[in-house]
file coords34.txt (compact mmCIF, C-alpha atoms and all ligand atoms)
# COMPACT_ATOMS: atom_id res chain seq x y z
CA MET B 26 0.00 0.00 0.00
CA SER B 27 1.34 3.46 -0.80
CA LYS B 28 2.36 5.70 2.09
CA ASN B 29 -0.34 8.23 1.07
CA ILE B 30 -3.05 5.60 1.27
CA GLU B 31 -1.68 4.03 4.45
CA LEU B 32 -1.75 7.35 6.34
CA TYR B 33 -5.12 8.29 4.87
CA GLU B 34 -6.61 4.95 5.96
CA GLU B 35 -5.35 5.63 9.49
CA SER B 36 -6.67 9.19 9.40
CA LYS B 37 -10.13 7.85 8.52
CA ARG B 38 -10.10 5.76 11.67
CA TYR B 39 -9.93 8.88 13.83
CA ALA B 40 -11.51 11.67 11.78
CA PRO B 41 -14.77 11.31 9.86
CA GLY B 42 -13.65 11.01 6.24
CA GLY B 43 -10.03 11.40 7.35
CA VAL B 44 -9.94 15.16 6.69
CA HIS B 45 -10.58 18.16 8.88
CA THR B 46 -12.58 20.46 6.66
CA SER B 47 -15.14 19.82 3.95
CA ILE B 48 -13.96 19.34 0.35
CA ARG B 49 -10.44 18.34 1.38
CA ASN B 50 -11.64 14.83 0.73
CA VAL B 51 -10.88 14.62 -2.97
CA ASN B 52 -9.69 12.04 -5.40
CA PRO B 53 -6.75 11.47 -5.82
CA MET B 54 -6.21 11.67 -2.06
CA LYS B 55 -2.83 13.03 -1.02
CA VAL B 56 -1.21 13.22 2.38
CA PHE B 57 1.14 16.18 2.42
CA THR B 58 4.23 16.15 4.58
CA LYS B 59 6.24 19.15 3.43
CA GLY B 60 5.80 22.56 1.82
CA GLU B 61 8.64 24.80 0.73
CA GLY B 62 8.28 27.91 -1.42
CA ALA B 63 6.28 27.09 -4.54
CA TYR B 64 6.43 23.33 -3.91
CA ILE B 65 4.59 20.80 -1.82
CA TYR B 66 5.52 17.16 -1.22
CA ASP B 67 3.30 14.19 -0.49
CA ALA B 68 4.01 11.32 1.88
CA GLU B 69 5.87 9.44 -0.85
CA GLY B 70 8.16 12.39 -1.49
CA LYS B 71 6.49 13.30 -4.81
CA LYS B 72 6.98 17.00 -5.55
CA TYR B 73 4.27 19.28 -6.95
CA ILE B 74 4.30 22.89 -8.07
CA ASP B 75 1.48 24.20 -5.90
CA TYR B 76 -1.21 26.50 -7.25
CA GLN B 77 -3.87 25.53 -4.73
CA ALA B 78 -2.07 27.68 -2.15
CA ALA B 79 -4.23 26.24 0.65
CA PHE B 80 -7.26 28.00 -0.94
CA GLY B 81 -5.38 31.29 -1.16
CA PRO B 82 -3.42 32.16 1.97
CA ILE B 83 -0.02 31.16 0.60
CA ILE B 84 0.94 34.38 -1.15
CA LEU B 85 4.67 34.42 -0.37
CA GLY B 86 5.32 30.69 -0.58
CA HIS B 87 5.06 27.75 1.80
CA SER B 88 6.97 27.85 5.08
CA HIS B 89 8.32 31.24 4.14
CA PRO B 90 11.65 31.77 5.97
CA TYR B 91 11.08 35.45 6.81
CA VAL B 92 7.56 34.88 8.13
CA ASN B 93 8.62 31.79 10.06
CA ARG B 94 11.57 33.60 11.60
CA LYS B 95 9.38 36.49 12.72
CA VAL B 96 6.86 34.08 14.22
CA ILE B 97 9.56 32.18 16.10
CA GLU B 98 11.11 35.41 17.37
CA ALA B 99 7.70 36.54 18.55
CA ILE B 100 6.70 33.35 20.33
CA GLU B 101 10.04 33.07 22.09
CA ARG B 102 9.16 36.35 23.73
CA THR B 103 5.37 36.50 23.95
CA ASP B 104 2.14 34.60 23.35
CA LEU B 105 -1.36 35.36 24.65
CA TYR B 106 -2.57 37.09 27.81
CA GLY B 107 -6.34 37.15 28.05
CA VAL B 108 -6.36 40.80 29.15
CA GLY B 109 -4.94 44.03 27.80
CA CYS B 110 -3.48 44.24 24.33
CA THR B 111 -0.13 43.35 22.82
CA ASP B 112 2.51 45.36 20.98
CA LEU B 113 2.02 43.03 18.00
CA GLU B 114 -1.70 43.85 17.82
CA VAL B 115 -0.92 47.55 17.86
CA GLU B 116 1.61 47.24 15.05
CA LEU B 117 -0.63 45.06 12.88
CA SER B 118 -3.75 47.17 13.32
CA ARG B 119 -1.75 50.31 12.46
CA LYS B 120 -0.58 48.68 9.23
CA ILE B 121 -4.06 47.51 8.24
CA CYS B 122 -5.65 50.89 8.90
CA GLN B 123 -2.85 52.53 6.94
CA HIS B 124 -3.32 50.33 3.86
CA VAL B 125 -6.97 49.28 3.59
CA PRO B 126 -9.14 52.25 2.51
CA SER B 127 -12.27 51.25 4.46
CA ALA B 128 -10.34 50.40 7.65
CA GLU B 129 -10.57 53.23 10.15
CA GLN B 130 -10.50 50.59 12.86
CA VAL B 131 -9.96 46.83 12.88
CA LEU B 132 -10.53 43.83 15.13
CA PHE B 133 -8.78 40.46 14.89
CA CYS B 134 -10.31 37.01 15.00
CA ASN B 135 -9.19 33.61 13.78
CA SER B 136 -11.02 32.71 10.60
CA GLY B 137 -12.84 34.28 7.69
CA SER B 138 -16.10 32.75 8.91
CA GLU B 139 -15.77 34.48 12.24
CA ALA B 140 -15.04 37.76 10.47
CA THR B 141 -18.14 37.59 8.25
CA TYR B 142 -20.30 36.54 11.20
CA HIS B 143 -19.15 39.53 13.24
CA ALA B 144 -19.53 41.95 10.33
CA ILE B 145 -23.08 40.82 9.50
CA ARG B 146 -24.28 40.84 13.10
CA LEU B 147 -22.84 44.33 13.48
CA THR B 148 -24.86 45.56 10.48
CA ARG B 149 -28.04 44.15 12.06
CA ALA B 150 -27.32 46.04 15.27
CA ILE B 151 -26.55 49.27 13.43
CA THR B 152 -29.58 49.24 11.14
CA GLY B 153 -32.10 47.43 13.34
CA ARG B 154 -32.91 45.32 10.26
CA ALA B 155 -32.64 41.56 9.81
CA LYS B 156 -32.06 40.74 6.16
CA LEU B 157 -28.86 40.19 4.25
CA ILE B 158 -28.18 40.06 0.52
CA LYS B 159 -25.57 37.65 -0.79
CA PHE B 160 -24.84 36.43 -4.31
CA GLN B 161 -25.39 32.99 -5.76
CA GLY B 162 -22.05 31.18 -5.86
CA CYS B 163 -20.26 33.37 -3.34
CA TYR B 164 -18.86 31.77 -0.20
CA HIS B 165 -18.50 33.65 3.05
CA GLY B 166 -17.94 30.87 5.59
CA TRP B 167 -19.75 28.03 7.28
CA HIS B 168 -22.21 29.82 9.60
CA ASP B 169 -25.98 30.04 9.26
CA TYR B 170 -26.08 33.65 8.04
CA VAL B 171 -24.24 32.84 4.82
CA ALA B 172 -24.21 29.08 4.20
CA ARG B 173 -26.84 29.38 1.50
CA ASN B 174 -26.76 29.15 -2.28
CA MET B 175 -23.07 28.56 -2.52
CA LEU B 176 -22.14 26.00 -5.22
CA SER B 177 -25.82 25.14 -5.76
CA ALA B 178 -26.82 22.31 -8.05
CA TRP B 179 -27.92 23.91 -11.31
CA ASP B 180 -31.59 23.14 -10.69
CA MET B 181 -31.37 24.83 -7.27
CA ILE B 182 -30.35 28.23 -8.58
CA GLY B 183 -33.00 30.77 -7.59
CA LYS B 184 -34.43 28.37 -5.01
CA ARG B 185 -33.99 28.09 -1.26
CA ASP B 186 -30.75 26.14 -1.02
CA PRO B 187 -29.32 25.88 2.50
CA GLY B 188 -25.78 24.59 2.49
CA SER B 189 -26.12 22.44 5.57
CA ALA B 190 -28.57 20.38 7.53
CA GLY B 191 -29.25 21.81 10.97
CA MET B 192 -29.44 25.45 9.93
CA MET B 193 -32.01 27.74 11.53
CA ASP B 194 -34.94 28.48 9.23
CA GLU B 195 -34.97 32.11 10.29
CA ALA B 196 -31.31 32.51 9.34
CA ILE B 197 -31.82 30.85 5.97
CA ASP B 198 -34.87 32.95 5.12
CA ASN B 199 -33.30 36.23 6.11
CA THR B 200 -30.53 35.70 3.56
CA LEU B 201 -31.69 36.88 0.15
CA ILE B 202 -29.89 35.68 -2.96
CA CYS B 203 -29.09 37.85 -5.96
CA THR B 204 -27.28 37.33 -9.24
CA TYR B 205 -23.75 38.72 -9.36
CA ASN B 206 -23.20 41.47 -11.95
CA ASP B 207 -26.96 42.16 -12.09
CA LEU B 208 -27.71 45.54 -10.48
CA ASP B 209 -31.38 45.36 -11.51
CA ASP B 210 -31.78 42.18 -9.51
CA VAL B 211 -30.18 43.85 -6.48
CA GLU B 212 -32.38 46.94 -6.76
CA ARG B 213 -35.50 44.79 -7.19
CA THR B 214 -34.56 42.90 -4.02
CA PHE B 215 -34.14 46.14 -2.07
CA LYS B 216 -37.54 47.36 -3.34
CA GLU B 217 -39.29 44.10 -2.48
CA ASN B 218 -37.94 44.25 1.09
CA PRO B 219 -38.39 47.91 2.01
CA GLY B 220 -36.54 48.98 5.16
CA GLN B 221 -35.61 45.38 5.94
CA ILE B 222 -32.14 44.85 4.48
CA ALA B 223 -29.30 45.41 6.94
CA SER B 224 -26.44 44.72 4.58
CA LEU B 225 -25.14 43.28 1.37
CA ILE B 226 -22.07 41.06 1.43
CA VAL B 227 -20.03 40.43 -1.69
CA GLU B 228 -16.72 38.94 -2.73
CA PRO B 229 -15.58 41.85 -4.91
CA ILE B 230 -14.27 39.17 -7.29
CA PRO B 231 -16.18 35.92 -6.66
CA HIS B 232 -13.14 33.68 -6.49
CA ASN B 233 -15.11 30.88 -4.92
CA ILE B 234 -16.41 30.18 -8.40
CA GLY B 235 -13.08 30.73 -10.11
CA CYS B 236 -12.61 34.25 -11.32
CA ILE B 237 -15.71 36.12 -12.40
CA MET B 238 -14.84 39.76 -12.85
CA PRO B 239 -17.14 42.56 -11.73
CA GLN B 240 -18.41 44.25 -14.87
CA PRO B 241 -17.65 47.99 -15.15
CA GLY B 242 -19.87 49.91 -12.76
CA PHE B 243 -21.09 46.86 -10.80
CA LEU B 244 -19.22 47.46 -7.55
CA GLU B 245 -19.90 51.21 -7.81
CA GLY B 246 -23.57 50.37 -8.36
CA LEU B 247 -23.66 48.20 -5.22
CA ARG B 248 -22.15 51.08 -3.28
CA GLU B 249 -24.86 53.45 -4.56
CA LEU B 250 -27.73 51.03 -3.94
CA CYS B 251 -26.63 50.27 -0.39
CA THR B 252 -26.40 53.99 0.37
CA LYS B 253 -29.75 54.66 -1.32
CA TYR B 254 -31.59 51.95 0.63
CA GLY B 255 -29.84 52.53 3.99
CA ALA B 256 -27.99 49.20 4.04
CA LEU B 257 -24.32 48.63 4.79
CA LEU B 258 -21.94 47.32 2.15
CA ILE B 259 -19.58 44.55 3.26
CA PHE B 260 -16.69 43.57 1.02
CA ASP B 261 -15.62 40.07 1.90
CA GLU B 262 -11.96 40.36 0.98
CA VAL B 263 -10.94 37.09 2.60
CA ILE B 264 -9.46 35.97 -0.74
CA THR B 265 -8.93 39.27 -2.58
CA GLY B 266 -7.53 41.16 0.41
CA PHE B 267 -3.73 41.54 0.35
CA ARG B 268 -3.58 39.26 -2.70
CA HIS B 269 -4.74 41.80 -5.27
CA SER B 270 -3.07 44.72 -3.52
CA ILE B 271 -1.95 45.45 0.01
CA GLY B 272 -5.10 47.56 0.30
CA GLY B 273 -7.36 44.83 -1.07
CA PHE B 274 -9.45 44.85 -4.24
CA GLN B 275 -11.31 47.91 -2.89
CA LYS B 276 -8.11 49.88 -3.50
CA VAL B 277 -7.87 48.57 -7.06
CA ALA B 278 -11.56 49.20 -7.78
CA GLY B 279 -11.73 52.56 -6.01
CA VAL B 280 -14.92 51.53 -4.21
CA THR B 281 -14.98 51.80 -0.43
CA PRO B 282 -17.32 49.51 1.52
CA ASP B 283 -18.60 50.23 5.03
CA LEU B 284 -17.06 47.08 6.43
CA THR B 285 -14.39 44.69 5.19
CA THR B 286 -13.57 41.14 6.18
CA MET B 287 -10.05 39.81 5.66
CA GLY B 288 -8.10 36.60 6.25
CA LYS B 289 -6.08 34.13 4.17
CA ALA B 290 -3.22 36.03 2.44
CA MET B 291 -3.10 38.41 5.40
CA ALA B 292 -0.64 36.08 7.18
CA ASN B 293 0.65 33.73 4.45
CA GLY B 294 -1.19 30.74 5.90
CA TYR B 295 -1.01 31.40 9.63
CA PRO B 296 -4.44 31.57 11.25
CA ILE B 297 -5.72 35.11 11.65
CA ALA B 298 -8.60 37.11 10.19
CA ALA B 299 -10.04 40.58 10.68
CA VAL B 300 -13.09 42.75 10.42
CA ALA B 301 -12.56 46.43 9.72
CA GLY B 302 -14.58 49.50 8.92
CA LYS B 303 -15.68 52.98 9.84
CA ARG B 304 -14.86 53.98 13.41
CA GLU B 305 -18.47 54.85 14.26
CA TYR B 306 -19.54 51.33 13.26
CA MET B 307 -16.61 49.46 14.81
CA GLN B 308 -17.25 51.20 18.13
CA ARG B 309 -20.54 49.35 18.41
CA PHE B 310 -18.49 46.21 19.21
CA ASN B 311 -18.26 45.64 22.94
CA THR B 312 -14.47 45.84 22.93
CA TYR B 313 -15.32 49.57 23.08
CA PRO B 314 -16.78 50.88 26.35
CA GLY B 315 -20.55 50.89 25.97
CA GLY B 316 -20.47 48.92 22.73
CA ASP B 317 -23.38 46.47 22.54
CA VAL B 318 -22.33 43.96 19.85
CA TRP B 319 -20.53 41.00 21.34
CA PHE B 320 -17.01 40.47 20.05
CA ALA B 321 -14.86 37.87 21.72
CA GLY B 322 -12.42 35.02 21.20
CA THR B 323 -9.83 33.50 23.49
CA TYR B 324 -7.24 33.31 20.72
CA ASN B 325 -7.96 36.66 19.08
CA GLY B 326 -4.72 38.55 18.49
CA HIS B 327 -2.47 35.57 19.30
CA ALA B 328 1.24 36.29 18.77
CA VAL B 329 1.54 33.60 16.09
CA GLY B 330 -1.04 35.11 13.74
CA THR B 331 -0.23 38.75 14.44
CA ALA B 332 3.54 38.26 14.02
CA ALA B 333 2.98 36.28 10.80
CA SER B 334 0.70 38.97 9.44
CA ILE B 335 3.11 41.80 10.30
CA ALA B 336 5.92 39.91 8.55
CA THR B 337 3.74 39.22 5.50
CA LEU B 338 2.70 42.85 5.19
CA GLU B 339 6.29 44.01 5.72
CA LEU B 340 7.41 41.96 2.75
CA MET B 341 4.57 43.39 0.67
CA GLU B 342 5.66 46.89 1.69
CA ASN B 343 9.36 46.37 1.05
CA GLU B 344 9.61 43.93 -1.84
CA PRO B 345 7.95 43.77 -5.27
CA VAL B 346 5.58 40.99 -4.17
CA HIS B 347 2.57 42.16 -6.18
CA GLU B 348 4.62 43.18 -9.19
CA HIS B 349 6.08 39.66 -9.29
CA ILE B 350 2.87 37.69 -8.81
CA PHE B 351 0.94 39.91 -11.24
CA ARG B 352 3.63 39.50 -13.91
CA LEU B 353 3.70 35.73 -13.51
CA GLY B 354 -0.12 35.64 -13.47
CA GLU B 355 -0.21 37.42 -16.81
CA LYS B 356 2.51 35.14 -18.17
CA MET B 357 0.48 32.11 -17.15
CA ARG B 358 -2.79 33.39 -18.63
CA SER B 359 -1.29 34.50 -21.91
CA GLY B 360 0.74 31.27 -22.13
CA ILE B 361 -2.39 29.16 -21.67
CA ARG B 362 -4.29 31.24 -24.24
CA THR B 363 -1.49 30.68 -26.76
CA ILE B 364 -1.63 26.92 -26.12
CA HIS B 365 -5.40 26.96 -26.63
CA GLU B 366 -4.99 28.79 -29.93
CA ARG B 367 -2.31 26.39 -31.07
CA LEU B 368 -4.43 23.36 -30.24
CA GLY B 369 -7.71 24.89 -31.39
CA ILE B 370 -9.27 24.60 -27.93
CA LYS B 371 -12.25 26.79 -27.18
CA ALA B 372 -11.84 27.79 -23.55
CA TYR B 373 -11.99 31.00 -21.55
CA VAL B 374 -8.97 31.86 -19.42
CA ALA B 375 -10.17 34.13 -16.65
CA GLY B 376 -8.16 35.81 -13.98
CA PHE B 377 -6.86 38.82 -12.18
CA GLY B 378 -3.36 39.42 -10.83
CA SER B 379 -2.00 36.18 -9.41
CA VAL B 380 -5.24 34.21 -9.83
CA TRP B 381 -6.48 32.33 -12.85
CA THR B 382 -9.01 29.73 -13.93
CA THR B 383 -9.46 27.98 -17.25
CA TYR B 384 -13.17 27.54 -17.92
CA PHE B 385 -13.96 25.06 -20.65
CA MET B 386 -16.56 27.32 -22.24
CA GLU B 387 -16.30 29.89 -24.98
CA THR B 388 -17.50 33.13 -23.46
CA GLU B 389 -16.68 35.10 -20.35
CA PRO B 390 -19.01 34.03 -17.52
CA LYS B 391 -20.66 36.96 -15.72
CA HIS B 392 -22.35 35.01 -12.91
CA TYR B 393 -22.72 31.56 -11.41
CA ALA B 394 -25.58 30.24 -13.60
CA GLU B 395 -23.52 30.84 -16.73
CA LEU B 396 -20.96 28.35 -15.45
CA GLN B 397 -23.34 25.59 -16.49
CA GLN B 398 -21.69 25.98 -19.88
CA ASN B 399 -18.34 24.97 -18.41
CA ASP B 400 -17.47 21.36 -19.28
CA ALA B 401 -17.20 20.11 -15.69
CA GLU B 402 -16.07 16.62 -16.63
CA LEU B 403 -13.20 17.94 -18.73
CA TYR B 404 -12.33 20.52 -16.06
CA VAL B 405 -11.88 17.85 -13.39
CA ALA B 406 -10.13 15.35 -15.71
CA TYR B 407 -7.70 18.11 -16.73
CA ARG B 408 -6.91 18.89 -13.13
CA ARG B 409 -6.44 15.24 -12.16
CA LYS B 410 -3.99 14.71 -15.01
CA LEU B 411 -2.08 17.85 -14.02
CA ILE B 412 -1.79 16.52 -10.47
CA ASP B 413 -0.42 13.22 -11.83
CA LYS B 414 2.25 15.23 -13.64
CA GLY B 415 3.22 17.29 -10.60
CA ILE B 416 1.04 20.39 -10.94
CA PHE B 417 -1.15 20.73 -7.87
CA LYS B 418 -4.57 22.30 -7.96
CA MET B 419 -7.92 21.31 -6.50
CA PRO B 420 -9.43 18.48 -8.59
CA MET B 421 -12.93 19.96 -8.39
CA ASN B 422 -15.12 21.92 -10.75
CA ILE B 423 -14.77 25.72 -10.91
CA LYS B 424 -11.78 26.24 -8.66
CA ARG B 425 -9.17 28.95 -8.99
CA ASN B 426 -5.35 28.75 -9.01
CA HIS B 427 -2.95 31.07 -7.21
CA ILE B 428 0.62 32.17 -7.86
CA SER B 429 2.92 33.07 -4.98
CA TYR B 430 6.03 35.22 -4.63
CA SER B 431 8.09 31.99 -4.58
CA HIS B 432 7.00 30.85 -8.04
CA THR B 433 9.60 31.58 -10.71
CA ASP B 434 9.49 32.13 -14.44
CA ALA B 435 10.85 28.59 -14.80
CA ASP B 436 7.92 27.22 -12.74
CA ILE B 437 5.46 28.95 -15.03
CA GLU B 438 7.24 27.73 -18.18
CA ASN B 439 7.42 24.20 -16.81
CA THR B 440 3.72 24.34 -15.90
CA LEU B 441 2.80 25.61 -19.38
CA ASP B 442 4.66 22.69 -20.99
CA ILE B 443 2.78 20.24 -18.80
CA ILE B 444 -0.54 21.98 -19.47
CA GLU B 445 0.07 21.62 -23.19
CA SER B 446 0.89 17.94 -22.94
CA VAL B 447 -2.16 17.26 -20.77
CA LEU B 448 -4.47 19.16 -23.12
CA LYS B 449 -3.06 17.22 -26.06
CA GLU B 450 -3.82 13.94 -24.29
CA LEU B 451 -7.29 15.01 -23.24
CA ILE B 452 -8.56 16.90 -26.20
CA VAL B 453 -6.48 16.48 -29.29
CA LYS B 454 -5.98 12.68 -28.91
N1 LIG B 501 -15.01 34.46 2.80
C1 LIG B 501 -14.44 34.05 1.66
C2 LIG B 501 -14.51 34.93 0.45
C3 LIG B 501 -13.78 32.82 1.61
O1 LIG B 501 -13.25 32.40 0.46
C4 LIG B 501 -13.71 32.03 2.78
C5 LIG B 501 -12.98 30.71 2.79
N2 LIG B 501 -12.79 30.09 1.58
C6 LIG B 501 -14.33 32.51 3.94
C7 LIG B 501 -14.95 33.73 3.93
C8 LIG B 501 -14.28 31.71 5.20
O2 LIG B 501 -13.00 31.73 5.71
P1 LIG B 501 -12.50 30.59 6.71
O3 LIG B 501 -12.42 29.32 5.93
O4 LIG B 501 -11.18 31.10 7.17
O5 LIG B 501 -13.50 30.51 7.81
call {"tool": "encode", "arguments": {"input": "coords34.txt", "output": "structure tokens", "more": "lines below"}}
Ligand code: PMP
result
Amino acid sequence: MSKNIELYEESKRYAPGGVHTSIRNVNPMKVFTKGEGAYIYDAEGKKYIDYQAAFGPIILGHSHPYVNRKVIEAIERTDLYGVGCTDLEVELSRKICQHVPSAEQVLFCNSGSEATYHAIRLTRAITGRAKLIKFQGCYHGWHDYVARNMLSAWDMIGKRDPGSAGMMDEAIDNTLICTYNDLDDVERTFKENPGQIASLIVEPIPHNIGCIMPQPGFLEGLRELCTKYGALLIFDEVITGFRHSIGGFQKVAGVTPDLTTMGKAMANGYPIAAVAGKREYMQRFNTYPGGDVWFAGTYNGHAVGTAASIATLELMENEPVHEHIFRLGEKMRSGIRTIHERLGIKAYVAGFGSVWTTYFMETEPKHYAELQQNDAELYVAYRRKLIDKGIFKMPMNIKRNHISYSHTDADIENTLDIIESVLKELIVK
């Protein structure tokens, strides 16, 4: 039995399904034992160029020496106190408020799900309203407010589609679903629920369904509609934040939300997340004297996450991190397009900055329902074959790829060669 399978079989004895978060349980199953820069290694020592990037956090590279050193230095001196605040929290919050346009103040938590939960509950307290708008296909975490109409089966689009058994009916029904890139749909929803919508949450680029770009005016339109109907705009920048610029995609788009949630690339894979926004809103949290919105967490602001995040942001400030990953992203996208042309493959290569997705469909998708045109079988077969040849990405339909600061031109060229050979096997035959 292979070492991967042996360990996985043992893992299944102790953990349901052998994995510790949903959708990690994919075929072919790998047990990873090492990550270094752009590469990851499975239990048999097989090396992969990694583009999965742990769903996005790995922006500098795995086990990044500078980040690790800063974390070790920090935890040799300090950890967690339960009261007061730490010097690391002060430094990190100063940096975030300096870089992220919507962040007048910030609070730390441990996961993107916590951040979106806190942000949404805050908007309910501020507005005295219950309802939330989210978009079909967007993912904002596992909790009841948002676990609805994520990767819905095609026949469930437009229907009530809770993502989990055990959810509260009231939570499900207070989450209204709109179509991304469709401002008319959003305005209709506001009109049909007068004075009832507390907030609208959006991934400014819905990376949970690959890379669907906001059409010109869409994010600006959301900003206007939220203001017009008295709702708060939340940008969920858990993926886009720090990856698309140190100030998030809001800085690129020039649209400032009321609240922002962040995580993932914020600390290059160490666990920390944040909610940020206007001071007057953030002071409703009960970390502020008199604040009435509960905000708590034993591990909030732990030295490991805060030190890792400071180190990650320092590198972004001092080195051409974004220049590098954007250049390699463009090299990858244009390289894949050239291969498609050469082989006569009709596919759409989507992406922004360091992120890309090849959809096996001819036109640019504008929202989730249009992804029905993507050839899902081919998409997954393509990814499985790439994994076999040492290119790691999630072998699931409609998933994005990420480039890190550790990837080199040679990695991209090597990947393009392998992509071409896999496409030849799959399509040209
Ligand atoms: N928001 C977005 C946009 C995400 O992509 C994710 C995770 N994929 C989350 C929130 C939830 O973050 P976490 O898994 O850290 O709870």
call {"tool": "residues_around", "arguments": {"input": "coords34.txt", "residues": "stretch 313-324 of chain B", "least_positions_apart": "3", "cutoff": "12 Å", "atoms": "all atoms listed in the file", "output": "short mmCIF file (atom, residue, chain, number, x, y, z; two decimals) with C-alpha atoms, in the coordinates of the input"}}
result
data_model
loop_
_atom_site.label_atom_id
_atom_site.label_comp_id
_atom_site.auth_asym_id
_atom_site.auth_seq_id
_atom_site.Cartn_x
_atom_site.Cartn_y
_atom_site.Cartn_z
CA ASP B 104 2.14 34.60 23.35
CA LEU B 105 -1.36 35.36 24.65
CA TYR B 106 -2.57 37.09 27.81
CA GLY B 107 -6.34 37.15 28.05
CA VAL B 108 -6.36 40.80 29.15
CA GLN B 130 -10.50 50.59 12.86
CA VAL B 131 -9.96 46.83 12.88
CA LEU B 132 -10.53 43.83 15.13
CA PHE B 133 -8.78 40.46 14.89
CA CYS B 134 -10.31 37.01 15.00
CA ASN B 135 -9.19 33.61 13.78
CA SER B 136 -11.02 32.71 10.60
CA GLU B 139 -15.77 34.48 12.24
CA ALA B 140 -15.04 37.76 10.47
CA TYR B 142 -20.30 36.54 11.20
CA HIS B 143 -19.15 39.53 13.24
CA ALA B 144 -19.53 41.95 10.33
CA ILE B 145 -23.08 40.82 9.50
CA ARG B 146 -24.28 40.84 13.10
CA LEU B 147 -22.84 44.33 13.48
CA THR B 148 -24.86 45.56 10.48
CA ARG B 149 -28.04 44.15 12.06
CA ALA B 150 -27.32 46.04 15.27
CA ILE B 151 -26.55 49.27 13.43
CA PRO B 296 -4.44 31.57 11.25
CA ILE B 297 -5.72 35.11 11.65
CA ALA B 298 -8.60 37.11 10.19
CA ALA B 299 -10.04 40.58 10.68
CA VAL B 300 -13.09 42.75 10.42
CA ARG B 304 -14.86 53.98 13.41
CA GLU B 305 -18.47 54.85 14.26
CA TYR B 306 -19.54 51.33 13.26
CA MET B 307 -16.61 49.46 14.81
CA GLN B 308 -17.25 51.20 18.13
CA ARG B 309 -20.54 49.35 18.41
CA PHE B 310 -18.49 46.21 19.21
CA HIS B 327 -2.47 35.57 19.30
CA ALA B 328 1.24 36.29 18.77
CA VAL B 329 1.54 33.60 16.09
CA GLY B 330 -1.04 35.11 13.74
CA THR B 331 -0.23 38.75 14.44
#
call {"tool": "atom_distance", "arguments": {"input": "coords34.txt", "atom1": "atom CA of B:Leu157", "atom2": "atom CA of B:Ile230"}}
result
18.6 Å
call {"tool": "closest_residue", "arguments": {"input": "coords34.txt", "among": "B:Gln221, B:Ser189, B:Thr111, B:Asn325", "to": "B:Ile158", "atoms": "all atoms listed in the file"}}
result
B:Gln221
call {"tool": "closest_residue", "arguments": {"input": "coords34.txt", "among": "B:Tyr295, B:Tyr91, B:Phe215, B:Tyr66", "to": "ligand LIG 501 (chain B)", "atoms": "all atoms listed in the file"}}
result
B:Tyr295
call {"tool": "residues_near_ligand", "arguments": {"input": "coords34.txt", "ligand": "ligand LIG 501 (chain B)", "cutoff": "7 Å", "atoms": "only C-alpha atoms and all ligand atoms", "output": "number ranges by chain"}}
result
B: 80, 136-139, 141, 164-167, 228, 233, 261-264, 288-289
call {"tool": "atom_distance", "arguments": {"input": "coords34.txt", "atom1": "atom CA of B:Glu129", "atom2": "atom CA of B:Gly272"}}
result
12.6 Å
call {"tool": "closest_residue", "arguments": {"input": "coords34.txt", "among": "B:Gly294, B:Gly109, B:Pro282, B:Gly220", "to": "B:Gly86", "atoms": "only C-alpha atoms"}}
result
B:Gly294
call {"tool": "atom_distance", "arguments": {"input": "coords34.txt", "atom1": "atom CA of B:Gly153", "atom2": "atom CA of B:Ala256"}}
result
10.3 Å
call {"tool": "residues_near_point", "arguments": {"input": "coords34.txt", "point": "(-29.0, 31.9, -3.8)", "cutoff": "7 Å", "atoms": "only C-alpha atoms", "output": "number ranges by chain"}}
result
B: 160-161, 173-175, 182-186, 201-203
call {"tool": "closest_residue", "arguments": {"input": "coords34.txt", "among": "B:Gly81, B:Gly266, B:Gly246, B:Gly235", "to": "B:Glu389", "atoms": "all atoms listed in the file"}}
result
B:Gly235
call {"tool": "closest_residue", "arguments": {"input": "coords34.txt", "among": "B:Glu101, B:Glu245, B:Asp209, B:Asp75", "to": "B:Pro229", "atoms": "only C-alpha atoms"}}
result
B:Glu245
call {"tool": "closest_residue", "arguments": {"input": "coords34.txt", "among": "B:Ser334, B:Thr152, B:Lys159, B:Met181", "to": "B:Leu257", "atoms": "only C-alpha atoms"}}
result
B:Thr152
call {"tool": "residues_around", "arguments": {"input": "coords34.txt", "residues": "stretch 431-444 of chain B", "least_positions_apart": "2", "cutoff": "6 Å", "atoms": "all atoms listed in the file", "output": "PyMOL selection string"}}
result
chain B and resi 62-63+85-86+429+446-447
call {"tool": "residues_around", "arguments": {"input": "coords34.txt", "residues": "B:Asn29", "least_positions_apart": "4", "cutoff": "10 Å", "atoms": "only C-alpha atoms", "output": "number ranges by chain"}}
result
B: 33-34, 53-58, 67-70
call {"tool": "residues_around", "arguments": {"input": "coords34.txt", "residues": "B:Asp400", "least_positions_apart": "5", "cutoff": "8 Å", "atoms": "all atoms listed in the file", "output": "list in words"}}
result
Tyr384, Phe385 and Met386 of chain B
